[in-house]
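See below for my_file_1.tsv, which holds TSV, C-alpha atoms.
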```tsv
chain	number	residue	atom	x	y	z
A	1	MET	CA	-161.80	-4.51	85.61
A	2	THR	CA	-165.41	-3.72	84.78
A	3	GLU	CA	-166.85	-4.98	81.51
A	4	LEU	CA	-166.40	-2.48	78.68
A	5	THR	CA	-168.66	-1.64	75.77
A	6	SER	CA	-167.37	-2.41	72.28
A	7	GLN	CA	-166.48	1.23	71.68
A	8	GLU	CA	-164.79	1.58	75.07
A	9	LEU	CA	-162.81	-1.60	74.49
A	10	SER	CA	-161.65	-0.38	71.09
A	11	GLN	CA	-160.53	2.94	72.56
A	12	GLN	CA	-158.71	1.20	75.40
A	13	ILE	CA	-156.89	-1.04	72.92
A	14	ASP	CA	-155.77	2.03	70.95
A	15	ASN	CA	-154.53	3.69	74.15
A	16	LEU	CA	-152.65	0.58	75.25
A	17	VAL	CA	-150.98	0.19	71.86
A	18	GLU	CA	-149.66	3.74	72.05
A	19	LYS	CA	-148.50	3.15	75.63
A	20	ILE	CA	-146.52	-0.02	74.93
A	21	PHE	CA	-145.25	0.94	71.47
A	22	PRO	CA	-141.80	2.09	72.72
A	23	LYS	CA	-141.43	-1.28	74.46
A	24	LEU	CA	-142.44	-3.09	71.28
A	25	LEU	CA	-139.89	-1.15	69.24
A	26	LYS	CA	-137.14	-2.31	71.59
A	27	MET	CA	-138.32	-5.90	71.24
A	28	ARG	CA	-138.46	-5.73	67.47
A	29	ARG	CA	-135.04	-4.15	67.16
A	30	HIS	CA	-133.48	-6.69	69.51
A	31	LEU	CA	-134.92	-9.52	67.43
A	32	HIS	CA	-133.69	-7.83	64.27
A	33	MET	CA	-130.15	-7.54	65.62
A	34	TYR	CA	-129.94	-11.19	66.69
A	35	PRO	CA	-131.62	-13.31	63.99
A	36	GLU	CA	-131.54	-17.10	63.97
A	37	LEU	CA	-132.19	-19.56	61.15
A	38	SER	CA	-134.97	-22.16	61.00
A	39	HIS	CA	-134.79	-24.81	63.74
A	40	GLN	CA	-131.98	-22.81	65.38
A	41	GLU	CA	-134.12	-20.16	67.11
A	42	VAL	CA	-132.85	-21.06	70.59
A	43	GLU	CA	-132.05	-17.56	71.88
A	44	THR	CA	-135.07	-16.09	70.10
A	45	THR	CA	-137.31	-18.59	71.88
A	46	LYS	CA	-135.65	-17.85	75.22
A	47	ARG	CA	-136.15	-14.10	74.78
A	48	ILE	CA	-139.81	-14.48	73.77
A	49	ASN	CA	-140.47	-16.56	76.88
A	50	GLU	CA	-138.76	-13.94	79.04
A	51	TRP	CA	-140.86	-11.13	77.56
A	52	LEU	CA	-144.04	-13.15	78.06
A	53	LYS	CA	-143.24	-13.78	81.71
A	54	GLU	CA	-142.28	-10.15	82.29
A	55	ASN	CA	-145.79	-9.22	81.19
A	56	GLY	CA	-147.63	-11.77	83.32
A	57	ILE	CA	-148.12	-14.38	80.59
A	58	THR	CA	-146.98	-17.90	81.40
A	59	PRO	CA	-145.64	-19.95	78.45
A	60	LEU	CA	-147.33	-23.30	77.91
A	61	THR	CA	-145.54	-26.58	78.49
A	62	HIS	CA	-144.74	-28.19	75.14
A	63	SER	CA	-142.33	-30.46	73.28
A	64	LEU	CA	-141.02	-27.94	70.74
A	65	LYS	CA	-137.23	-27.72	70.48
A	66	THR	CA	-137.52	-24.13	69.28
A	67	GLY	CA	-140.54	-21.88	69.19
A	68	THR	CA	-143.01	-21.49	72.02
A	69	ALA	CA	-146.63	-20.84	72.93
A	70	ALA	CA	-148.61	-19.13	75.66
A	71	GLU	CA	-152.23	-18.52	76.54
A	72	VAL	CA	-154.22	-15.59	77.85
A	73	PHE	CA	-157.14	-16.77	79.98
A	74	GLY	CA	-160.34	-14.75	79.90
A	75	LYS	CA	-163.11	-14.42	82.45
A	76	GLU	CA	-164.97	-17.41	80.98
A	77	THR	CA	-163.89	-20.79	79.66
A	78	GLY	CA	-165.32	-20.09	76.18
A	79	PRO	CA	-163.62	-20.88	72.86
A	80	ILE	CA	-159.90	-20.66	72.08
A	81	VAL	CA	-158.70	-18.35	69.32
A	82	ALA	CA	-155.10	-18.74	68.14
A	83	ILE	CA	-152.73	-16.04	66.95
A	84	ARG	CA	-149.72	-17.26	64.96
A	85	ALA	CA	-146.37	-15.56	64.35
A	86	ASP	CA	-143.25	-16.99	62.67
A	87	ILE	CA	-139.89	-16.35	64.32
A	88	ASP	CA	-137.10	-17.56	62.00
A	89	ALA	CA	-134.71	-15.54	59.85
A	90	LEU	CA	-133.04	-16.05	56.46
A	91	PRO	CA	-129.48	-16.87	55.27
A	92	ILE	CA	-129.12	-13.40	53.70
A	93	GLN	CA	-126.53	-10.71	54.40
A	94	GLU	CA	-128.34	-7.52	55.39
A	95	GLU	CA	-127.26	-4.47	53.39
A	96	SER	CA	-129.17	-1.74	55.20
A	97	ASN	CA	-127.75	1.15	57.21
A	98	LEU	CA	-130.12	0.70	60.11
A	99	PRO	CA	-128.59	1.36	63.54
A	100	PHE	CA	-130.12	-1.95	64.66
A	101	ARG	CA	-129.07	-3.99	61.62
A	102	SER	CA	-128.25	-7.67	62.00
A	103	THR	CA	-125.14	-8.41	64.03
A	104	ILE	CA	-124.88	-11.94	62.60
A	105	ASP	CA	-122.98	-12.28	59.33
A	106	GLY	CA	-125.03	-13.87	56.58
A	107	ILE	CA	-128.25	-14.06	58.62
A	108	SER	CA	-131.01	-11.47	58.76
A	109	HIS	CA	-134.75	-10.87	59.14
A	110	MET	CA	-135.22	-9.96	55.48
A	111	CYS	CA	-138.79	-11.25	55.51
A	112	GLY	CA	-139.98	-9.35	58.58
A	113	HIS	CA	-140.60	-12.25	60.95
A	114	ASP	CA	-139.16	-10.09	63.72
A	115	VAL	CA	-142.08	-7.71	63.10
A	116	HIS	CA	-144.61	-10.57	63.14
A	117	THR	CA	-143.21	-11.83	66.45
A	118	THR	CA	-143.36	-8.34	67.95
A	119	ILE	CA	-146.98	-7.89	66.85
A	120	ALA	CA	-147.99	-11.18	68.48
A	121	LEU	CA	-146.14	-10.22	71.66
A	122	GLY	CA	-147.90	-6.84	71.68
A	123	ALA	CA	-151.25	-8.51	71.15
A	124	GLY	CA	-150.54	-10.88	74.03
A	125	ILE	CA	-149.56	-8.03	76.38
A	126	ILE	CA	-152.74	-6.09	75.63
A	127	LEU	CA	-154.98	-9.14	75.81
A	128	GLN	CA	-153.50	-9.90	79.23
A	129	GLU	CA	-154.46	-6.37	80.31
A	130	LEU	CA	-157.99	-6.96	79.00
A	131	LYS	CA	-158.39	-10.54	80.21
A	132	ASN	CA	-161.43	-9.73	82.34
A	133	ASN	CA	-163.24	-8.74	79.15
A	134	LEU	CA	-162.40	-11.88	77.19
A	135	PRO	CA	-165.16	-14.50	76.81
A	136	GLY	CA	-162.61	-17.25	76.24
A	137	ARG	CA	-158.90	-17.80	75.71
A	138	VAL	CA	-156.34	-16.57	73.20
A	139	ARG	CA	-153.41	-18.85	72.40
A	140	LEU	CA	-150.21	-17.25	71.14
A	141	LEU	CA	-148.20	-19.46	68.79
A	142	PHE	CA	-144.59	-18.46	68.07
A	143	GLN	CA	-143.74	-20.87	65.29
A	144	PRO	CA	-140.21	-21.89	64.24
A	145	ALA	CA	-139.01	-22.79	60.75
A	146	GLU	CA	-141.51	-21.16	58.43
A	147	GLU	CA	-138.79	-20.50	55.87
A	148	THR	CA	-137.88	-24.18	55.47
A	149	GLU	CA	-140.01	-27.16	56.46
A	150	GLY	CA	-141.66	-28.60	59.53
A	151	GLY	CA	-142.43	-25.52	61.60
A	152	ALA	CA	-146.21	-25.57	61.50
A	153	ILE	CA	-146.29	-29.37	61.57
A	154	SER	CA	-144.17	-29.43	64.73
A	155	VAL	CA	-146.58	-27.01	66.42
A	156	ILE	CA	-149.55	-29.17	65.48
A	157	GLU	CA	-147.81	-32.40	66.54
A	158	ALA	CA	-146.99	-30.78	69.88
A	159	GLY	CA	-150.74	-30.46	70.47
A	160	LEU	CA	-150.67	-26.68	70.48
A	161	LEU	CA	-153.61	-26.42	68.08
A	162	ASP	CA	-155.78	-28.72	70.20
A	163	GLY	CA	-159.05	-27.11	71.24
A	164	VAL	CA	-158.58	-24.09	68.97
A	165	SER	CA	-161.78	-22.91	67.25
A	166	SER	CA	-160.16	-20.48	64.78
A	167	ILE	CA	-156.75	-19.03	63.92
A	168	ILE	CA	-155.46	-15.79	62.44
A	169	GLY	CA	-152.10	-14.70	61.10
A	170	LEU	CA	-150.52	-11.93	59.08
A	171	HIS	CA	-147.54	-11.18	56.90
A	172	ASN	CA	-146.09	-7.76	56.31
A	173	PHE	CA	-146.55	-6.77	52.66
A	174	PRO	CA	-144.22	-4.09	51.26
A	175	ASP	CA	-146.30	-3.75	48.07
A	176	LEU	CA	-149.06	-2.23	50.22
A	177	PRO	CA	-148.47	1.12	51.96
A	178	VAL	CA	-148.44	1.17	55.74
A	179	GLY	CA	-151.95	1.87	56.98
A	180	THR	CA	-153.62	-0.67	54.71
A	181	ILE	CA	-154.68	-4.28	55.25
A	182	GLY	CA	-155.17	-6.75	52.40
A	183	ILE	CA	-157.84	-9.41	52.89
A	184	LYS	CA	-159.24	-12.09	50.58
A	185	GLU	CA	-161.65	-14.94	51.17
A	186	GLY	CA	-160.63	-18.28	49.67
A	187	PHE	CA	-157.34	-18.83	47.82
A	188	LEU	CA	-154.49	-16.52	48.87
A	189	MET	CA	-151.21	-18.46	48.55
A	190	ALA	CA	-150.26	-21.49	46.51
A	191	SER	CA	-149.47	-25.03	47.50
A	192	VAL	CA	-145.77	-25.86	47.18
A	193	ASP	CA	-144.35	-29.07	45.74
A	194	ASP	CA	-140.73	-29.75	44.78
A	195	PHE	CA	-139.32	-32.38	42.47
A	196	THR	CA	-136.01	-33.93	41.45
A	197	ILE	CA	-135.77	-35.84	38.16
A	198	THR	CA	-132.73	-38.09	37.74
A	199	ILE	CA	-132.29	-39.19	34.13
A	200	LYS	CA	-130.03	-42.19	33.55
A	201	GLY	CA	-128.51	-42.56	30.09
A	202	LYS	CA	-125.31	-44.03	28.71
A	203	GLY	CA	-122.20	-41.89	28.68
A	204	GLY	CA	-119.44	-41.79	26.12
A	205	HIS	CA	-117.27	-39.65	23.88
A	206	ALA	CA	-118.87	-36.45	22.67
A	207	ALA	CA	-117.50	-37.14	19.17
A	208	MET	CA	-119.46	-40.41	19.00
A	209	PRO	CA	-122.93	-39.57	20.33
A	210	GLU	CA	-124.47	-42.46	18.36
A	211	ARG	CA	-122.91	-44.83	20.92
A	212	THR	CA	-124.52	-43.04	23.85
A	213	ILE	CA	-127.91	-42.33	25.32
A	214	ASP	CA	-127.49	-38.64	25.98
A	215	PRO	CA	-129.21	-37.57	29.24
A	216	ILE	CA	-128.65	-33.91	28.39
A	217	VAL	CA	-130.70	-34.17	25.21
A	218	ILE	CA	-133.34	-36.17	27.08
A	219	GLY	CA	-133.40	-33.62	29.89
A	220	SER	CA	-133.85	-30.82	27.37
A	221	ALA	CA	-136.80	-32.64	25.85
A	222	VAL	CA	-138.31	-33.15	29.31
A	223	ILE	CA	-138.01	-29.43	30.07
A	224	SER	CA	-139.61	-28.54	26.74
A	225	GLN	CA	-142.51	-30.90	27.36
A	226	LEU	CA	-143.03	-29.71	30.94
A	227	GLN	CA	-143.56	-26.15	29.69
A	228	THR	CA	-146.80	-27.36	28.07
A	229	LEU	CA	-148.06	-29.13	31.18
A	230	VAL	CA	-149.86	-26.14	32.70
A	231	SER	CA	-150.91	-24.46	29.45
A	232	ARG	CA	-152.35	-27.62	27.88
A	233	THR	CA	-153.70	-29.67	30.79
A	234	ILE	CA	-154.92	-27.06	33.31
A	235	SER	CA	-157.87	-24.74	32.75
A	236	ALA	CA	-157.01	-21.08	32.22
A	237	LYS	CA	-159.48	-20.37	35.04
A	238	GLU	CA	-157.14	-22.08	37.50
A	239	SER	CA	-153.74	-21.01	38.83
A	240	ALA	CA	-150.61	-23.12	38.46
A	241	VAL	CA	-146.88	-22.62	37.90
A	242	LEU	CA	-144.18	-25.15	37.04
A	243	SER	CA	-140.56	-23.99	36.98
A	244	ILE	CA	-137.22	-25.74	36.53
A	245	GLY	CA	-134.60	-24.19	38.80
A	246	SER	CA	-131.63	-26.50	38.21
A	247	PHE	CA	-130.26	-28.64	35.36
A	248	GLN	CA	-127.00	-30.41	36.30
A	249	ALA	CA	-125.16	-32.74	33.92
A	250	GLY	CA	-121.59	-33.45	32.94
A	251	ALA	CA	-118.32	-31.79	33.88
A	252	THR	CA	-116.39	-31.17	30.67
A	253	ASN	CA	-116.78	-30.33	27.00
A	254	ASN	CA	-115.98	-33.64	25.28
A	255	VAL	CA	-117.77	-36.22	27.43
A	256	ILE	CA	-121.43	-37.14	27.34
A	257	PRO	CA	-122.36	-37.98	30.94
A	258	ASP	CA	-124.30	-40.94	32.28
A	259	THR	CA	-126.86	-38.87	34.20
A	260	ALA	CA	-128.63	-35.55	34.29
A	261	VAL	CA	-130.53	-34.11	37.26
A	262	LEU	CA	-133.36	-31.60	36.99
A	263	LYS	CA	-134.87	-29.82	40.00
A	264	GLY	CA	-137.92	-27.60	40.14
A	265	THR	CA	-141.12	-26.57	41.85
A	266	VAL	CA	-144.85	-26.72	41.24
A	267	ARG	CA	-147.31	-24.18	42.66
A	268	THR	CA	-151.09	-24.64	42.48
A	269	SER	CA	-154.24	-22.98	43.81
A	270	ASN	CA	-156.17	-26.05	44.99
A	271	ASP	CA	-155.92	-29.79	45.61
A	272	SER	CA	-157.72	-30.74	42.38
A	273	VAL	CA	-155.18	-28.91	40.23
A	274	ARG	CA	-152.35	-30.13	42.46
A	275	ASN	CA	-153.27	-33.79	42.04
A	276	SER	CA	-153.92	-33.42	38.30
A	277	ILE	CA	-150.50	-31.88	37.69
A	278	TYR	CA	-148.81	-34.64	39.68
A	279	GLU	CA	-150.49	-37.36	37.61
A	280	GLN	CA	-149.74	-35.66	34.29
A	281	PHE	CA	-146.20	-34.80	35.40
A	282	THR	CA	-145.20	-38.38	36.17
A	283	LYS	CA	-146.68	-39.71	32.93
A	284	LEU	CA	-145.08	-37.02	30.76
A	285	VAL	CA	-141.63	-37.30	32.29
A	286	SER	CA	-141.61	-41.11	32.31
A	287	ASN	CA	-142.90	-41.42	28.74
A	288	THR	CA	-140.49	-38.81	27.36
A	289	VAL	CA	-137.42	-40.36	28.97
A	290	GLU	CA	-138.35	-43.92	28.06
A	291	ALA	CA	-139.17	-42.97	24.47
A	292	MET	CA	-135.61	-41.63	24.13
A	293	GLY	CA	-134.02	-44.75	25.58
A	294	GLY	CA	-133.26	-43.56	29.08
A	295	GLU	CA	-134.35	-44.47	32.58
A	296	VAL	CA	-135.75	-42.06	35.14
A	297	ASP	CA	-136.20	-41.69	38.86
A	298	ILE	CA	-138.74	-39.08	40.00
A	299	ASP	CA	-138.66	-37.74	43.56
A	300	TYR	CA	-141.82	-35.62	43.88
A	301	LYS	CA	-142.45	-34.07	47.29
A	302	PHE	CA	-145.78	-32.60	48.37
A	303	LEU	CA	-144.88	-29.76	50.70
A	304	PHE	CA	-147.21	-26.93	51.80
A	305	PRO	CA	-150.90	-27.01	50.90
A	306	ALA	CA	-152.54	-23.82	49.61
A	307	VAL	CA	-153.53	-21.01	52.00
A	308	PHE	CA	-157.34	-20.87	51.78
A	309	ASN	CA	-159.15	-18.37	53.99
A	310	ASP	CA	-162.37	-19.47	55.69
A	311	GLN	CA	-165.45	-17.41	54.81
A	312	GLN	CA	-166.81	-16.81	58.32
A	313	VAL	CA	-163.44	-15.99	59.86
A	314	THR	CA	-162.61	-13.73	56.92
A	315	ASN	CA	-165.86	-11.80	57.41
A	316	VAL	CA	-164.87	-11.04	61.01
A	317	VAL	CA	-161.32	-10.18	59.93
A	318	ARG	CA	-162.56	-7.78	57.25
A	319	SER	CA	-165.10	-5.97	59.43
A	320	THR	CA	-162.46	-5.55	62.14
A	321	ALA	CA	-159.95	-4.17	59.65
A	322	ILE	CA	-162.51	-1.63	58.46
A	323	ARG	CA	-162.94	-0.45	62.05
A	324	ILE	CA	-159.19	0.06	62.39
A	325	VAL	CA	-157.98	1.45	59.05
A	326	GLY	CA	-161.24	2.41	57.34
A	327	GLU	CA	-163.03	0.87	54.39
A	328	GLU	CA	-160.85	2.72	51.86
A	329	ASN	CA	-157.71	1.13	53.35
A	330	THR	CA	-159.16	-2.37	53.65
A	331	VAL	CA	-158.29	-3.76	50.23
A	332	ILE	CA	-158.66	-7.05	48.42
A	333	ALA	CA	-155.45	-9.01	48.94
A	334	GLU	CA	-153.59	-9.96	45.80
A	335	PRO	CA	-153.02	-13.74	45.69
A	336	THR	CA	-149.49	-15.02	45.20
A	337	MET	CA	-147.98	-18.28	44.00
A	338	GLY	CA	-145.59	-18.12	46.94
A	339	GLY	CA	-146.22	-20.64	49.73
A	340	GLU	CA	-146.85	-20.40	53.49
A	341	ASP	CA	-147.14	-23.19	56.02
A	342	PHE	CA	-149.96	-21.33	57.80
A	343	SER	CA	-151.99	-23.53	55.44
A	344	TYR	CA	-151.35	-26.56	57.66
A	345	TYR	CA	-153.29	-24.89	60.48
A	346	GLN	CA	-156.15	-24.12	58.09
A	347	GLN	CA	-156.46	-27.82	57.31
A	348	LYS	CA	-157.25	-28.37	60.99
A	349	VAL	CA	-159.29	-25.30	61.98
A	350	PRO	CA	-160.95	-22.34	60.18
A	351	GLY	CA	-158.49	-19.52	59.70
A	352	CYS	CA	-157.59	-16.34	57.88
A	353	TYR	CA	-154.23	-14.98	56.78
A	354	VAL	CA	-153.87	-11.33	55.75
A	355	TRP	CA	-151.41	-8.87	54.23
A	356	LEU	CA	-150.36	-6.05	56.55
A	357	GLY	CA	-149.25	-3.01	54.58
A	358	SER	CA	-145.61	-2.24	55.47
A	359	GLY	CA	-144.26	-0.20	52.56
A	360	ASN	CA	-143.49	3.51	52.54
A	361	LYS	CA	-142.08	5.02	49.34
A	362	GLU	CA	-141.28	8.34	51.03
A	363	LYS	CA	-139.01	6.53	53.49
A	364	GLY	CA	-137.53	4.33	50.78
A	365	ILE	CA	-139.20	1.21	52.17
A	366	VAL	CA	-139.97	-0.45	48.85
A	367	HIS	CA	-137.88	-3.62	48.60
A	368	PRO	CA	-139.62	-7.02	48.43
A	369	TRP	CA	-139.25	-9.92	50.84
A	370	HIS	CA	-135.83	-11.62	50.87
A	371	HIS	CA	-134.07	-8.57	49.40
A	372	PRO	CA	-130.84	-7.61	51.24
A	373	GLU	CA	-132.17	-4.06	51.74
A	374	PHE	CA	-135.67	-5.15	52.81
A	375	MET	CA	-137.21	-2.99	55.54
A	376	VAL	CA	-140.57	-2.58	57.28
A	377	ASP	CA	-142.21	0.68	58.32
A	378	GLU	CA	-142.45	0.15	62.08
A	379	GLU	CA	-145.78	2.01	62.19
A	380	ALA	CA	-147.21	-1.23	60.80
A	381	ILE	CA	-146.61	-2.79	64.23
A	382	LYS	CA	-149.29	-0.57	65.79
A	383	ILE	CA	-151.84	-1.49	63.14
A	384	GLY	CA	-150.97	-5.18	63.34
A	385	VAL	CA	-151.38	-5.26	67.13
A	386	LYS	CA	-154.72	-3.42	67.01
A	387	TRP	CA	-155.99	-5.74	64.30
A	388	MET	CA	-154.87	-8.92	66.08
A	389	VAL	CA	-156.34	-7.93	69.44
A	390	GLN	CA	-159.68	-6.72	68.13
A	391	THR	CA	-160.05	-9.65	65.75
A	392	ALA	CA	-159.30	-12.15	68.50
A	393	VAL	CA	-161.89	-10.52	70.79
A	394	ARG	CA	-164.55	-10.54	68.08
A	395	LEU	CA	-163.86	-14.17	67.16
A	396	LEU	CA	-164.31	-15.11	70.82
A	397	GLU	CA	-167.66	-13.32	70.81
A	398	ASN	CA	-168.94	-15.06	67.67
```
Please express the file's structure as structure tokens.
Amino acid sequence: MTELTSQELSQQIDNLVEKIFPKLLKMRRHLHMYPELSHQEVETTKRINEWLKENGITPLTHSLKTGTAAEVFGKETGPIVAIRADIDALPIQEESNLPFRSTIDGISHMCGHDVHTTIALGAGIILQELKNNLPGRVRLLFQPAEETEGGAISVIEAGLLDGVSSIIGLHNFPDLPVGTIGIKEGFLMASVDDFTITIKGKGGHAAMPERTIDPIVIGSAVISQLQTLVSRTISAKESAVLSIGSFQAGATNNVIPDTAVLKGTVRTSNDSVRNSIYEQFTKLVSNTVEAMGGEVDIDYKFLFPAVFNDQQVTNVVRSTAIRIVGEENTVIAEPTMGGEDFSYYQQKVPGCYVWLGSGNKEKGIVHPWHHPEFMVDEEAIKIGVKWMVQTAVRLLEN
């Protein structure tokens, strides 16, 4: 293949996307019909590898139990740009009437990872067609277990990020109409930490509370105090959320139990706020429980760091998006306190994560992620593939 100008390359990418779109629809719908949960994506992995090979792309050798990776080699050694897609599904019963709805009871792609996987496959197929015009390599990462824990870490530990100079990823976003792309430099998604507080008191008869140390009353005081943690210790200019999701204690109406267990989550926008909340959290909980005569065990787990988009990569991402959907449809992404383990990659290499508009009110595609009637406008696949391919090419050139 002769070397193409930037405009010729862009036009060829558009033509190839239209050509392979029917094939991509079949892939997406197959994935949608046969979803698999985190760390169980055995058949999904097998099918991805088969599709890669069918299109002349050889999967890389790796130690992942589920998930896979492949690489498109350009005409020159050059840098390596990574494209990441997540492949796992959710434990949710799908309630749509789609002809290709999930065939697995209680499991479905109600977050659109089947679409993300299809977009990365489409990008790989087109990049393979254009390999003689690539000044470097593009690594395709099909990551397991984004919905739970360990997926991104397992990819990194398998060495599949080694040598990568930058990484890009996307998530369908039903709040944005199809045809738009949401992009934001800096903070996009929160860090995620979970905690379990076990309060140990002294049980007894509910009619004689003076002889007990009531863990329910102590737990209530802890919850009340924790509601002031963000509002009174974190600047209003920062972003943080602390929520209690579970309070378990006792089993009947006339017995004060020995223990109470509280579970919750903390979301923050940066490491400074994250560390500050942890320090204040442990002091507040410990002091409150001890002041009321109880004992406490705190299990505080630091999970995902915050998604923070690199400035230089984001500039390339934004200018590419403008080429594809126009300046009026390239919008500022709205940050969320939800978490994403794409952030682990960004701790290793510069990266950018974007929102791909996938909603369509006229078609009734309006439900949020994890809703049993969640759907994606499949036209978003075309835009996602074009954006991934063109962004990867431009990152290789920079």
**Message:** Nearest residue to Lys283 (chain A) out of A:Thr77, A:Gln225, A:Ser165, A:Thr58, using only C-alpha atoms?
**Reply:**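 Result for the nearest residue to Lys283 (chain A): A:Gln225.
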**Asked** What is the distance, in Å and to one decimal place, between CA of Gly78 (chain A) and CA of Leu396 (chain A)?
**Response**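 So the answer is 7.4 Å.
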**Prompt:** Which distance in Å separates CA of Ile181 (chain A) and CA of Tyr353 (chain A), to one decimal?
**Reply:**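 Value for the CA of Ile181 (chain A)-CA of Tyr353 (chain A) distance: 10.8 Å.
For the choices A:Val230, A:Leu262, A:Ile119, A:Ala221, the atom-to-atom distance to Glu378 (chain A) is smallest for A:Ile119 when using all atoms listed in the file.
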**Item:** Residue nearest Gln280 (chain A) - candidates A:Arg211, A:Arg232, A:Lys263, A:Lys237, atoms counted: all atoms listed in the file
**Value:**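 Of the candidates, the smallest distance to Gln280 (chain A) is held by A:Arg232.
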For Glu43 (chain A), work out the shell of residues within 10 Å, counting all atoms listed in the file and skipping chain neighbours fewer than 6 positions away, then give it as an mmCIF file with C-alpha atoms, keeping the file's coordinate frame.
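Result file follows (selection-v9.cif):
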```cif
data_model
loop_
_atom_site.group_PDB
_atom_site.id
_atom_site.type_symbol
_atom_site.label_atom_id
_atom_site.label_comp_id
_atom_site.auth_asym_id
_atom_site.auth_seq_id
_atom_site.Cartn_x
_atom_site.Cartn_y
_atom_site.Cartn_z
ATOM 1 C CA LEU A 31 -134.920 -9.520 67.430
ATOM 2 C CA TYR A 34 -129.940 -11.190 66.690
ATOM 3 C CA PRO A 35 -131.620 -13.310 63.990
ATOM 4 C CA GLU A 36 -131.540 -17.100 63.970
ATOM 5 C CA ASN A 49 -140.470 -16.560 76.880
ATOM 6 C CA THR A 66 -137.520 -24.130 69.280
ATOM 7 C CA GLY A 67 -140.540 -21.880 69.190
#
```
Please output region 160-172 of chain A, rebuilt to include N, CA, C and O atoms, as a PDB file, in the frame of the given file.
```pdb
ATOM      1  N   LEU A 160    -150.409 -28.076  70.161  1.00  0.00           N
ATOM      2  CA  LEU A 160    -150.670 -26.680  70.480  1.00  0.00           C
ATOM      3  C   LEU A 160    -151.827 -26.077  69.683  1.00  0.00           C
ATOM      4  O   LEU A 160    -152.197 -24.925  69.901  1.00  0.00           O
ATOM      5  N   LEU A 161    -152.395 -26.863  68.779  1.00  0.00           N
ATOM      6  CA  LEU A 161    -153.610 -26.420  68.080  1.00  0.00           C
ATOM      7  C   LEU A 161    -154.852 -27.097  68.664  1.00  0.00           C
ATOM      8  O   LEU A 161    -155.972 -26.767  68.266  1.00  0.00           O
ATOM      9  N   ASP A 162    -154.654 -27.994  69.611  1.00  0.00           N
ATOM     10  CA  ASP A 162    -155.780 -28.720  70.200  1.00  0.00           C
ATOM     11  C   ASP A 162    -156.746 -27.760  70.884  1.00  0.00           C
ATOM     12  O   ASP A 162    -156.330 -26.879  71.648  1.00  0.00           O
ATOM     13  N   GLY A 163    -158.020 -27.920  70.604  1.00  0.00           N
ATOM     14  CA  GLY A 163    -159.050 -27.110  71.240  1.00  0.00           C
ATOM     15  C   GLY A 163    -159.275 -25.755  70.605  1.00  0.00           C
ATOM     16  O   GLY A 163    -160.191 -25.023  70.994  1.00  0.00           O
ATOM     17  N   VAL A 164    -158.448 -25.400  69.617  1.00  0.00           N
ATOM     18  CA  VAL A 164    -158.580 -24.090  68.970  1.00  0.00           C
ATOM     19  C   VAL A 164    -159.781 -24.079  68.037  1.00  0.00           C
ATOM     20  O   VAL A 164    -159.984 -25.022  67.262  1.00  0.00           O
ATOM     21  N   SER A 165    -160.585 -23.013  68.099  1.00  0.00           N
ATOM     22  CA  SER A 165    -161.780 -22.910  67.250  1.00  0.00           C
ATOM     23  C   SER A 165    -161.508 -22.142  65.966  1.00  0.00           C
ATOM     24  O   SER A 165    -162.177 -22.368  64.953  1.00  0.00           O
ATOM     25  N   SER A 166    -160.536 -21.227  65.984  1.00  0.00           N
ATOM     26  CA  SER A 166    -160.160 -20.480  64.780  1.00  0.00           C
ATOM     27  C   SER A 166    -158.771 -19.899  64.980  1.00  0.00           C
ATOM     28  O   SER A 166    -158.291 -19.766  66.110  1.00  0.00           O
ATOM     29  N   ILE A 167    -158.119 -19.538  63.861  1.00  0.00           N
ATOM     30  CA  ILE A 167    -156.750 -19.030  63.920  1.00  0.00           C
ATOM     31  C   ILE A 167    -156.572 -17.890  62.937  1.00  0.00           C
ATOM     32  O   ILE A 167    -157.174 -17.897  61.854  1.00  0.00           O
ATOM     33  N   ILE A 168    -155.765 -16.913  63.323  1.00  0.00           N
ATOM     34  CA  ILE A 168    -155.460 -15.790  62.440  1.00  0.00           C
ATOM     35  C   ILE A 168    -153.953 -15.576  62.368  1.00  0.00           C
ATOM     36  O   ILE A 168    -153.216 -15.946  63.287  1.00  0.00           O
ATOM     37  N   GLY A 169    -153.504 -15.011  61.272  1.00  0.00           N
ATOM     38  CA  GLY A 169    -152.100 -14.700  61.100  1.00  0.00           C
ATOM     39  C   GLY A 169    -151.955 -13.582  60.085  1.00  0.00           C
ATOM     40  O   GLY A 169    -152.901 -13.245  59.367  1.00  0.00           O
ATOM     41  N   LEU A 170    -150.774 -13.014  60.033  1.00  0.00           N
ATOM     42  CA  LEU A 170    -150.520 -11.930  59.080  1.00  0.00           C
ATOM     43  C   LEU A 170    -149.107 -12.015  58.562  1.00  0.00           C
ATOM     44  O   LEU A 170    -148.241 -12.652  59.151  1.00  0.00           O
ATOM     45  N   HIS A 171    -148.885 -11.347  57.435  1.00  0.00           N
ATOM     46  CA  HIS A 171    -147.540 -11.180  56.900  1.00  0.00           C
ATOM     47  C   HIS A 171    -147.406  -9.741  56.422  1.00  0.00           C
ATOM     48  O   HIS A 171    -148.292  -9.221  55.734  1.00  0.00           O
ATOM     49  N   ASN A 172    -146.329  -9.081  56.841  1.00  0.00           N
ATOM     50  CA  ASN A 172    -146.090  -7.760  56.310  1.00  0.00           C
ATOM     51  C   ASN A 172    -146.028  -7.829  54.787  1.00  0.00           C
ATOM     52  O   ASN A 172    -145.585  -8.828  54.219  1.00  0.00           O
TER      53      ASN A 172
END
```
